[in-house]
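First comes the structure, then the notes that go with it.
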Amino acid sequence: VGVTATLGIVLLAATVQAWFFGPVKVWMRLVMLLGAMFMIYGGIYTDVAGLAIGGGLFMLQRGTHGGGAKPATSG
């Protein structure tokens with residue numbers, strides 16, 4: 001319960017900051033909020049649904065933005 005609640009808080013923070021391995025669109029923020037609520041609320045079915053949403057968004061963001069934020073270059 002503690003692990004999934006912690007992951008839910010991470011998704012909730014990403015929703016608020018609009019950043020999850022890169023910029024997040026509005027529809028992704030809504031889905032992320034739903035996944036966060038599923039993981040924060042206790043229960044096996046809600047945890048599985050939240051993990052599926054979080055995992056799907058993770059794969060989508062990693063595919064879109066690669067390894068995350070690019071380092072700033074001076075120039």
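Residue numbers start at 1 in each chain; chains themselves are named A, B, ... in the order of the structure tokens; ligands are numbered from 1 in the order shown.
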Shell of 8 Å around Gly35 (chain A), only C-alpha atoms, local chain residues under 3 positions omitted, as an NGL selection string: :A and (8 or 11 or 31-32 or 38-39 or 49-51 or 53-54)
Please produce a file of those selected residues containing all heavy atoms, as a CSV table (one decimal), in the first residue's frame.
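Saved file selection_9.csv follows:
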chain,number,residue,atom,x,y,z
A,8,GLY,N,1.6,7.1,-6.4
A,8,GLY,CA,0.5,8.0,-6.7
A,8,GLY,C,0.8,9.4,-6.4
A,8,GLY,O,0.4,10.3,-7.1
A,11,LEU,N,2.9,10.8,-9.2
A,11,LEU,CA,2.0,11.1,-10.3
A,11,LEU,C,1.2,12.4,-10.0
A,11,LEU,O,1.0,13.2,-10.9
A,11,LEU,CB,1.0,10.0,-10.6
A,11,LEU,CG,1.5,8.9,-11.5
A,11,LEU,CD1,0.4,7.9,-11.7
A,11,LEU,CD2,2.1,9.4,-12.8
A,31,VAL,N,-5.5,12.4,-17.2
A,31,VAL,CA,-5.3,10.9,-17.1
A,31,VAL,C,-4.4,10.7,-15.9
A,31,VAL,O,-4.6,9.7,-15.1
A,31,VAL,CB,-4.8,10.3,-18.4
A,31,VAL,CG1,-4.4,8.9,-18.2
A,31,VAL,CG2,-5.8,10.5,-19.5
A,32,MET,N,-3.3,11.5,-15.8
A,32,MET,CA,-2.4,11.3,-14.7
A,32,MET,C,-3.0,11.5,-13.3
A,32,MET,O,-2.7,10.8,-12.4
A,32,MET,CB,-1.2,12.3,-14.9
A,32,MET,CG,0.1,11.7,-14.5
A,32,MET,SD,1.6,12.8,-14.7
A,32,MET,CE,1.3,13.5,-16.2
A,38,PHE,N,-6.2,6.7,-8.3
A,38,PHE,CA,-6.4,5.3,-8.2
A,38,PHE,C,-5.3,4.7,-7.3
A,38,PHE,O,-5.5,3.8,-6.4
A,38,PHE,CB,-6.3,4.6,-9.5
A,38,PHE,CG,-7.5,4.7,-10.3
A,38,PHE,CD1,-7.5,4.5,-11.7
A,38,PHE,CD2,-8.8,4.8,-9.7
A,38,PHE,CE1,-8.7,4.5,-12.5
A,38,PHE,CE2,-9.9,4.9,-10.5
A,38,PHE,CZ,-9.9,4.7,-11.8
A,39,MET,N,-4.1,5.2,-7.4
A,39,MET,CA,-3.0,4.6,-6.6
A,39,MET,C,-3.0,5.1,-5.2
A,39,MET,O,-2.5,4.3,-4.3
A,39,MET,CB,-1.6,4.9,-7.2
A,39,MET,CG,-1.4,4.1,-8.5
A,39,MET,SD,0.3,3.9,-8.8
A,39,MET,CE,0.6,5.3,-9.9
A,49,ALA,N,-5.1,-0.5,-11.8
A,49,ALA,CA,-5.5,0.5,-12.7
A,49,ALA,C,-4.5,1.7,-12.7
A,49,ALA,O,-4.1,2.2,-13.8
A,49,ALA,CB,-6.9,1.0,-12.5
A,50,GLY,N,-4.2,2.1,-11.5
A,50,GLY,CA,-3.2,3.3,-11.4
A,50,GLY,C,-1.9,2.9,-12.0
A,50,GLY,O,-1.2,3.8,-12.6
A,51,LEU,N,-1.4,1.7,-11.7
A,51,LEU,CA,-0.1,1.3,-12.2
A,51,LEU,C,-0.1,1.2,-13.7
A,51,LEU,O,0.9,1.6,-14.4
A,51,LEU,CB,0.3,0.0,-11.6
A,51,LEU,CG,0.8,0.1,-10.1
A,51,LEU,CD1,1.0,-1.4,-9.6
A,51,LEU,CD2,2.1,0.9,-10.0
A,53,ILE,N,-2.1,3.0,-15.8
A,53,ILE,CA,-2.1,4.3,-16.3
A,53,ILE,C,-0.7,5.0,-16.1
A,53,ILE,O,-0.2,5.6,-17.1
A,53,ILE,CB,-3.1,5.2,-15.5
A,53,ILE,CG1,-4.5,4.7,-15.9
A,53,ILE,CG2,-3.0,6.7,-15.8
A,53,ILE,CD1,-5.6,5.3,-15.1
A,54,GLY,N,-0.1,4.8,-15.0
A,54,GLY,CA,1.3,5.4,-14.8
A,54,GLY,C,2.3,4.8,-15.7
A,54,GLY,O,3.1,5.5,-16.3
Close residues, region 1-4 of chain A itself excluded, 10 Å, only C-alpha atoms, min 6 positions apart in chain, as a PyMOL selection string: chain A and resi 10+36+38-44+46-48+50-51
Go ahead and dump the residues you just picked, C-alpha atoms, as a tab-separated table (two decimals), in the first residue's frame.
chain	number	residue	atom	x	y	z
A	10	VAL	CA	4.70	11.17	-7.64
A	36	ALA	CA	-2.73	9.18	-9.05
A	38	PHE	CA	-6.36	5.29	-8.16
A	39	MET	CA	-2.96	4.60	-6.61
A	40	ILE	CA	-3.48	6.75	-3.53
A	41	TYR	CA	-6.82	5.07	-2.78
A	42	GLY	CA	-6.23	1.62	-1.26
A	43	GLY	CA	-7.38	-1.50	-3.08
A	44	ILE	CA	-5.89	-4.06	-5.44
A	46	THR	CA	-7.44	0.58	-8.10
A	47	ASP	CA	-3.71	-0.05	-7.62
A	48	VAL	CA	-3.55	-2.14	-10.79
A	50	GLY	CA	-3.24	3.27	-11.41
A	51	LEU	CA	-0.08	1.32	-12.21
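You will find CA of Gly56 (chain A) at 13.6 Å from CA of Trp27 (chain A).
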